[in-house]
Structure formats: structure tokens, C-alpha cells
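Taking it in order: structure first as C-alpha cells, then the write-up.
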Amino acid sequence: MLKIEALSAGYGQAMVLRDVALEAQAGEITVLMGRNGAGKTTLMKSIMGLVKASGTVTLDGVALTALPPHQVPRHGVGYVPQGRRLFSELTVAQNIEIGLGAAPDARSHGALRAEVLALFPRLAERMDQRAGTLSGGEQQMLATARALCVKPKLLLLDEPTEGLQPSMIEQIRQVMLAMRDKGLAVLLVEQRIDAVLGLADRVFVIENGRNAESFTRSDLAAGEARLRSHLGV
Amino acid sequence: MSRRDWSLHLGLVALLFALNWILPAYHHGVVARVMVLAVFAMGYNVAFGYTGLLSLGHAMYFAAGMYGTGLVALHLEAGAIPAWFAGLGAGLLLALVTGLLALRTAGVSFMIVTLMFAQAFYLGILYFGDITHGDDGFVVPNAARRVAEVALSDAGPRYLIGWALFSVTMIGTLWLVRAPFGRVLVAIRENEDRARLLGYDTGRRKLGALVISGGISAGAGAAYALLFGYVGASFAGVQYSIFALLWVLLGGAGTVIGPLVGTLFMYYLVDLSTEVTDAYMLIAGIVLILLTLFMPRGITGALRQVWRDLP
């Protein structure tokens, strides 16, 4: 599925990531952790082709780094950036319509819309509401729904639960589990350890732009103390 | 689109049609002119209001339509319809070429590049004065201002052709902004990076928007030449690019009827101010400042606070 090797990336002269390696498999939730400024968001942006990077990023053998950013979603990558970045002047229905417009197969739009809205019944009740007037949790749902409209094989979520109330966090968590069960690879950036335990199949920790340590589901409980020390909590 | 949206826009079309038989002669002429200029503003609105492309060179497209039509009529003795299409084609081609280059930039750079293109176009008109008649401009031959037996210079046909052009453009714009392509333009205006990351080739769509915008502006310029009979370099000057921006801003950027409202308001504001004082620009300036302060989204934009789905 997703394979990242020797990835170095940054902004201008400032290198943020150095020789990072990471893998995410279909039907698994892979979590990327690290302190603020460790390079988690830069790694997500590197996958999407938004920052200049060297090294390789492949999805099912396709080199994503060779593609312009707008072609990355067409190869099966859905991205929900930090801060949601909705089209706030447009309604929920219009935001979803725009997501569907980028889907590879226009004939499947109706079924895809129904499938996505079934995951977020709350959105289905607010189709005519402007996105900018939704609550934080609803905005997160909409951003996730829109990313799912491209029928991704890999879903990138950058701190989706940041600033949300517990009931919303649980809903987002249920969606991630549903995506995993449907066979998607989910790559999640998360800072909160309690949100990761019981959810992650693998955890990669990066520190100062480099790989620090990785955990699998089986050794995560035993390694919790080390994970906390990496994160300084 | 809701029935209310259709009622508003078709109602406006019907009202303008009816005004042909109601307005006194002076205002009849003014509204005819305003409708053609509003088409220019609607063209600008596609680029600026819906796509977020703040161009300072749209007078170039208006003038390309005007000169394309006027020169073909003057030098090749073409009739009104082929001349109009020549103007439209000139504007579309110019928008495509300048768009390919200008859209390599964004933000302030885009403003400057479009301004420079427009200035080069304006200076080109002056430089090639043997053909364009330079600063003086020229009068479009009367022979070219006829369609069959109808003289476009007559008040009635002039009004109705201006009305038809305005109506087709407004309904076309309404359709465009409600279509998936229009939604993507709004998405680009709101957040281009996000639109790109959803899988849209935003560069191609911005070029499409600019060509449509330039084409509408050129169509207006071509009609202006035929209906009002004069082609002049002043229409290519930076002042007309600023006018388009002002009309759209005052009327409400990103609204379908905003350009008409803004054009009508500005036209009458200047017109009425000149009756009161020689310092009419001072009055116009004060009113514009007040409007900008109290209605930052323009007149129709303020209406949108109440009518939230107003296109």
C-alpha cells in the first residue's frame, strides 16, 4: 500500500524531514505521532506533493512524488488537512458535490453520496446549511466526508479530533474504524495517546524530523511509557 | 436552483424589457448603455467575483471586442453580425493568450501582470494609429450598424439588443455558477489549495474562467461599438478596468445581479452629481467610501444577508 522511503522535505532552506521511512497497510490504522514541530504535517503534505521532497513515496507501486498535487487524489488518496479547510461560503451539499466532482467515475456519484452520508447522518440533516456555520465537529465530519468522495484507498487525517468535544471525537473514531474495516489504509496524525490506544495498528514516532521509534498493536501497551517520553507527556 | 431565484432573475429581465416602453428618452438611452456595460461587469465578475482573480486589465478584453468589431467593420466593410463575432473572437483569443501567461502568477503579481498587459494593449492602439486611428478613435460606419432593415443606432432596437445581450449573459452566468464548473470556481476562490487537493486541476479551470470572463467582456465591447457607434482608445485605458472592479464591488462581487446594480448605481451617481456641482467626483468618492464602510460586500451582497441563497 503506502511506502515511504528516505523521505526528506522542507520549506526553502529549512529541512523539516530527514530520511523518514513509513509504511501503511490496507485495513489498518497507522498513527503518526510526535511533538509539535516534529514534521507530522509536513509528512502529510509531502505525500500530497505540497512540499518539495526527495526520496520515494509510493502507493501500490505508483510514485506519488512524481505527480502534480491535483493528480494525487485521483490515485486514491483522500486528505483531511489540519483545520478542516472547508469551502465555508458553500453549503454542505455543495461541498460534497465538489468532492464528488473530483471522483474518478461520475456514474457512481449517487451511490457514493449515499454511502458517504450514511456514515454521517448528522450532515444529511444539514445539507442546505453553509459549511462555515457548522460546529467544529460537524465541520470535521464534512471535511472527512468530502475526502471520502474520491473513493480513496488511503485516507490521510491530520489531527481530526483537535478541539472537539468527546461525543464528536467518538463519532470520528467510529468512522475511522469503519474505514479500516472496509479495507482502507488510514494514516492518522494524532497527539493524544489515549486516542491512539485501542485504535492504532501501528504507531510511528518522529522526533526532529527523523524516525524515532515504531510500535505495532501488540507491543503498544508495553511501550506506552516510552511513547509518553517521546511525546514529553 | 429555487423557484425564488428564477423569479428574481426572470422578473428582472421582464422589468427591463417593459422599461423599453416606459422610460423617458434620456433614461431609455442611459439604461441601454448601462445594460451593455453591466455585461462587461458580469464578465469581470466571473473572474473576480466567482474565481477570485483580481485582474486590473479587463478593459483590454472589452476594448479587444470593441476594436475587433470596429476595425472589421471599418476596413473590411463587414456587416454587424460577422463584425460582432470578430470582436468576440478577438477577446477570446486575447484572454486565452494573456491568461496562459498571467495565470503563472497569483495575487498581487497577477494584478500587476494583467495591468501591464492592458497597458501594452492600450499603447499598441496608440502606436498603430494608422489602423486604429490612435487616440481619436473612429466612428463605426453606419452600414455596419444595421441588421437587415433594422438600424442599431435607433433607440428602440439599441435598447432591445442591449437588453437581449444582458438577459442572455445574466441567465448564462446564473447557469454557469450553479453548474459543477461554477461550484469549482467558487471553491478555488475560497481555497485554491484545498480544491487542488480534492483532485481539481485548478490552473486549467482558472484559465477557463478567465477565457469565459474575457469573452463576455469582449462581447460587451463589440456590442457597445455597434450600438453606440464609437470606438476609442479610452475604453482600453486603466480607468475602464477600475470601473469594472468598482461596479462589481459596489453591486456585490460573486452575485449574479450585482454587476447590474453596481453599474446602474455608479452611472446615476456620477450623472446626478454633475448636475449639482463641478466637483462631482468628490460626491461620488464620498458616497463610495460610505458604501464601502457600511456595505463591504456591496449592495446585493448586503441583500444576501437576508436572502442567503441568492446566487
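Ordering of the C-alpha cells sets the chain letters (A, B, ...), residue numbers begin anew at 1 in every chain, and ligands are numbered from 1 in the order given.
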
What's around segment 220-231 of chain A at 12 Å? Count only C-alpha atoms, leave out sequence neighbours fewer than 5 positions away in its own chain, and write the answer as a ChimeraX atom specification. /A:31-38,190-194,196-208,211-215

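The part of chain B that reaches within 10 Å of chain A is made up of Arg178, Pro180, Phe181, Arg183, Val184, Val186, Ala187, Ile188, Arg189, Glu190, Asn191, Glu192, Asp193, Arg194, Ala195, Arg196, Leu197, Leu198, Gly199, Tyr200, Asp201, Thr202, Gly203, Arg308 and Asp309 of chain B, counting only C-alpha atoms.
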
Writer output for current selection, N, CA and C atoms, as a JSON list (two decimals), in the first residue's frame:
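Resulting contents of selection-v1.json:
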[["chain", "number", "residue", "atom", "x", "y", "z"],
["B", 178, "ARG", "N", -24.22, 27.93, -11.08],
["B", 178, "ARG", "CA", -24.93, 26.82, -10.43],
["B", 178, "ARG", "C", -24.45, 25.47, -10.94],
["B", 180, "PRO", "N", -21.64, 22.46, -11.96],
["B", 180, "PRO", "CA", -20.45, 21.97, -11.25],
["B", 180, "PRO", "C", -19.20, 22.80, -11.53],
["B", 181, "PHE", "N", -19.04, 23.25, -12.78],
["B", 181, "PHE", "CA", -17.86, 24.07, -13.11],
["B", 181, "PHE", "C", -17.84, 25.34, -12.26],
["B", 183, "ARG", "N", -19.28, 25.82, -9.36],
["B", 183, "ARG", "CA", -19.02, 25.48, -7.95],
["B", 183, "ARG", "C", -17.52, 25.34, -7.71],
["B", 184, "VAL", "N", -16.84, 24.76, -8.68],
["B", 184, "VAL", "CA", -15.39, 24.58, -8.52],
["B", 184, "VAL", "C", -14.70, 25.94, -8.55],
["B", 186, "VAL", "N", -15.92, 28.71, -7.40],
["B", 186, "VAL", "CA", -16.10, 29.27, -6.06],
["B", 186, "VAL", "C", -15.16, 28.58, -5.07],
["B", 187, "ALA", "N", -15.00, 27.27, -5.23],
["B", 187, "ALA", "CA", -14.08, 26.53, -4.36],
["B", 187, "ALA", "C", -12.65, 27.05, -4.52],
["B", 188, "ILE", "N", -12.27, 27.37, -5.75],
["B", 188, "ILE", "CA", -10.93, 27.92, -6.00],
["B", 188, "ILE", "C", -10.79, 29.28, -5.32],
["B", 189, "ARG", "N", -11.84, 30.10, -5.44],
["B", 189, "ARG", "CA", -11.82, 31.41, -4.79],
["B", 189, "ARG", "C", -11.67, 31.26, -3.27],
["B", 190, "GLU", "N", -12.38, 30.30, -2.72],
["B", 190, "GLU", "CA", -12.37, 30.11, -1.26],
["B", 190, "GLU", "C", -11.04, 29.54, -0.78],
["B", 191, "ASN", "N", -10.52, 28.56, -1.49],
["B", 191, "ASN", "CA", -9.30, 27.91, -1.03],
["B", 191, "ASN", "C", -8.73, 27.07, -2.18],
["B", 192, "GLU", "N", -7.83, 27.68, -2.92],
["B", 192, "GLU", "CA", -7.34, 27.00, -4.13],
["B", 192, "GLU", "C", -6.58, 25.72, -3.80],
["B", 193, "ASP", "N", -5.77, 25.77, -2.75],
["B", 193, "ASP", "CA", -5.01, 24.57, -2.38],
["B", 193, "ASP", "C", -5.93, 23.39, -2.08],
["B", 194, "ARG", "N", -7.00, 23.71, -1.37],
["B", 194, "ARG", "CA", -7.94, 22.65, -0.98],
["B", 194, "ARG", "C", -8.61, 22.05, -2.23],
["B", 195, "ALA", "N", -8.99, 22.93, -3.16],
["B", 195, "ALA", "CA", -9.61, 22.44, -4.39],
["B", 195, "ALA", "C", -8.64, 21.54, -5.15],
["B", 196, "ARG", "N", -7.37, 21.94, -5.16],
["B", 196, "ARG", "CA", -6.36, 21.14, -5.85],
["B", 196, "ARG", "C", -6.21, 19.78, -5.18],
["B", 197, "LEU", "N", -6.26, 19.80, -3.85],
["B", 197, "LEU", "CA", -6.08, 18.54, -3.11],
["B", 197, "LEU", "C", -7.31, 17.64, -3.16],
["B", 198, "LEU", "N", -8.41, 18.17, -3.68],
["B", 198, "LEU", "CA", -9.56, 17.30, -3.92],
["B", 198, "LEU", "C", -9.47, 16.67, -5.31],
["B", 199, "GLY", "N", -8.44, 17.07, -6.07],
["B", 199, "GLY", "CA", -8.22, 16.45, -7.37],
["B", 199, "GLY", "C", -8.53, 17.33, -8.56],
["B", 200, "TYR", "N", -8.73, 18.63, -8.33],
["B", 200, "TYR", "CA", -9.05, 19.52, -9.44],
["B", 200, "TYR", "C", -7.79, 20.19, -9.99],
["B", 201, "ASP", "N", -7.69, 20.22, -11.31],
["B", 201, "ASP", "CA", -6.61, 20.95, -11.95],
["B", 201, "ASP", "C", -7.03, 22.42, -11.94],
["B", 202, "THR", "N", -6.66, 23.13, -10.89],
["B", 202, "THR", "CA", -7.16, 24.50, -10.70],
["B", 202, "THR", "C", -6.62, 25.45, -11.76],
["B", 203, "GLY", "N", -5.43, 25.20, -12.25],
["B", 203, "GLY", "CA", -4.85, 26.06, -13.29],
["B", 203, "GLY", "C", -5.72, 26.07, -14.54],
["B", 308, "ARG", "N", -30.24, 34.31, 1.80],
["B", 308, "ARG", "CA", -28.94, 33.64, 1.92],
["B", 308, "ARG", "C", -28.54, 32.86, 0.67],
["B", 309, "ASP", "N", -29.52, 32.36, -0.08],
["B", 309, "ASP", "CA", -29.18, 31.53, -1.23],
["B", 309, "ASP", "C", -29.07, 32.34, -2.52]]

Can you list every residue in segment 35-156 of chain A that DSSP puts in helix (DSSP H, G or I), as an MDAnalysis selection string? chainID A and resid 40:47 64:66 69:71 73:75 92:101 106:119 121:124 131:133 136:148

Distance of atom CA of Gly251 of chain B from atom CA of Ile286 of chain B, expressed in Å to one decimal place: 16.6 Å

Assign secondary structure with DSSP using the backbone only, and return the residues of segment 36-209 of chain A in strand (DSSP E) as a PyMOL selection string. chain A and resi 52-59+62-63+77-80+154-158+185-189+202-207

Could the residues in this selection be written to a file with N, CA and C atoms, as a short mmCIF file (atom, residue, chain, number, x, y, z; two decimals), in the first residue's frame?
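File written: result-v8.cif
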data_model
loop_
_atom_site.label_atom_id
_atom_site.label_comp_id
_atom_site.auth_asym_id
_atom_site.auth_seq_id
_atom_site.Cartn_x
_atom_site.Cartn_y
_atom_site.Cartn_z
N LYS A 52 8.34 20.48 -1.35
CA LYS A 52 9.42 19.90 -2.14
C LYS A 52 10.07 18.79 -1.33
N ALA A 53 10.17 17.60 -1.94
CA ALA A 53 10.69 16.46 -1.18
C ALA A 53 11.60 15.61 -2.04
N SER A 54 12.53 14.93 -1.38
CA SER A 54 13.32 13.91 -2.07
C SER A 54 13.05 12.58 -1.38
N GLY A 55 13.43 11.49 -2.03
CA GLY A 55 13.08 10.18 -1.50
C GLY A 55 11.88 9.64 -2.26
N THR A 56 11.32 8.54 -1.80
CA THR A 56 10.20 7.97 -2.55
C THR A 56 8.96 7.83 -1.69
N VAL A 57 7.83 8.13 -2.31
CA VAL A 57 6.51 7.90 -1.70
C VAL A 57 5.70 7.14 -2.74
N THR A 58 5.40 5.88 -2.47
CA THR A 58 4.63 5.10 -3.46
C THR A 58 3.35 4.58 -2.83
N LEU A 59 2.31 4.53 -3.67
CA LEU A 59 1.03 3.96 -3.25
C LEU A 59 0.70 2.85 -4.24
N VAL A 62 2.74 3.13 -7.32
CA VAL A 62 2.71 4.39 -8.10
C VAL A 62 3.50 5.45 -7.31
N ALA A 63 4.46 6.08 -7.97
CA ALA A 63 5.28 7.09 -7.30
C ALA A 63 4.49 8.40 -7.18
N VAL A 77 -5.95 8.87 -2.96
CA VAL A 77 -5.58 9.45 -1.67
C VAL A 77 -6.59 10.52 -1.27
N GLY A 78 -7.23 10.34 -0.13
CA GLY A 78 -8.13 11.36 0.41
C GLY A 78 -7.41 12.05 1.56
N TYR A 79 -7.46 13.37 1.57
CA TYR A 79 -6.69 14.13 2.57
C TYR A 79 -7.60 15.07 3.34
N VAL A 80 -7.57 14.95 4.65
CA VAL A 80 -8.31 15.89 5.50
C VAL A 80 -7.25 16.68 6.28
N LEU A 154 -6.34 5.26 0.41
CA LEU A 154 -5.58 5.74 1.57
C LEU A 154 -6.22 7.04 2.06
N LEU A 155 -6.55 7.09 3.33
CA LEU A 155 -7.16 8.29 3.91
C LEU A 155 -6.18 8.92 4.89
N LEU A 156 -5.83 10.18 4.62
CA LEU A 156 -4.90 10.90 5.49
C LEU A 156 -5.70 11.85 6.37
N LEU A 157 -5.54 11.74 7.67
CA LEU A 157 -6.28 12.60 8.60
C LEU A 157 -5.29 13.31 9.51
N ASP A 158 -5.27 14.62 9.42
CA ASP A 158 -4.31 15.39 10.23
C ASP A 158 -5.02 15.97 11.46
N ALA A 185 -6.57 2.02 3.96
CA ALA A 185 -5.43 2.32 4.82
C ALA A 185 -5.69 3.72 5.39
N VAL A 186 -5.63 3.84 6.71
CA VAL A 186 -5.85 5.15 7.34
C VAL A 186 -4.53 5.60 7.95
N LEU A 187 -4.08 6.78 7.55
CA LEU A 187 -2.88 7.34 8.17
C LEU A 187 -3.31 8.57 8.96
N LEU A 188 -3.12 8.47 10.27
CA LEU A 188 -3.68 9.47 11.18
C LEU A 188 -2.55 10.20 11.91
N VAL A 189 -2.61 11.51 11.92
CA VAL A 189 -1.71 12.28 12.78
C VAL A 189 -2.46 12.58 14.07
N ARG A 202 -0.52 0.37 13.99
CA ARG A 202 0.91 0.68 14.06
C ARG A 202 1.04 2.14 14.48
N VAL A 203 2.13 2.43 15.16
CA VAL A 203 2.42 3.82 15.52
C VAL A 203 3.86 4.13 15.09
N PHE A 204 4.02 5.22 14.38
CA PHE A 204 5.36 5.70 14.05
C PHE A 204 5.58 7.02 14.80
N VAL A 205 6.69 7.11 15.46
CA VAL A 205 7.01 8.35 16.18
C VAL A 205 8.14 9.05 15.43
N ILE A 206 7.95 10.33 15.18
CA ILE A 206 9.07 11.08 14.62
C ILE A 206 9.48 12.20 15.58
N GLU A 207 10.79 12.39 15.64
CA GLU A 207 11.35 13.43 16.51
C GLU A 207 12.33 14.25 15.68
#

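Each of B:Val72, B:Leu272, B:Ile112, B:Leu152 was checked against Ile131 of chain B using only C-alpha atoms; the smallest atom-to-atom distance is that of B:Val72.
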
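Of the listed residues B:Gln305, B:Thr300, B:Ser2, B:Asn142, the one whose atoms come nearest to Ala78 of chain B is B:Asn142, with distances taken using only C-alpha atoms.
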
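Picture a line from atom CA of Ser55 of chain B to atom CA of Met111 of chain B; it runs 5.1 Å.
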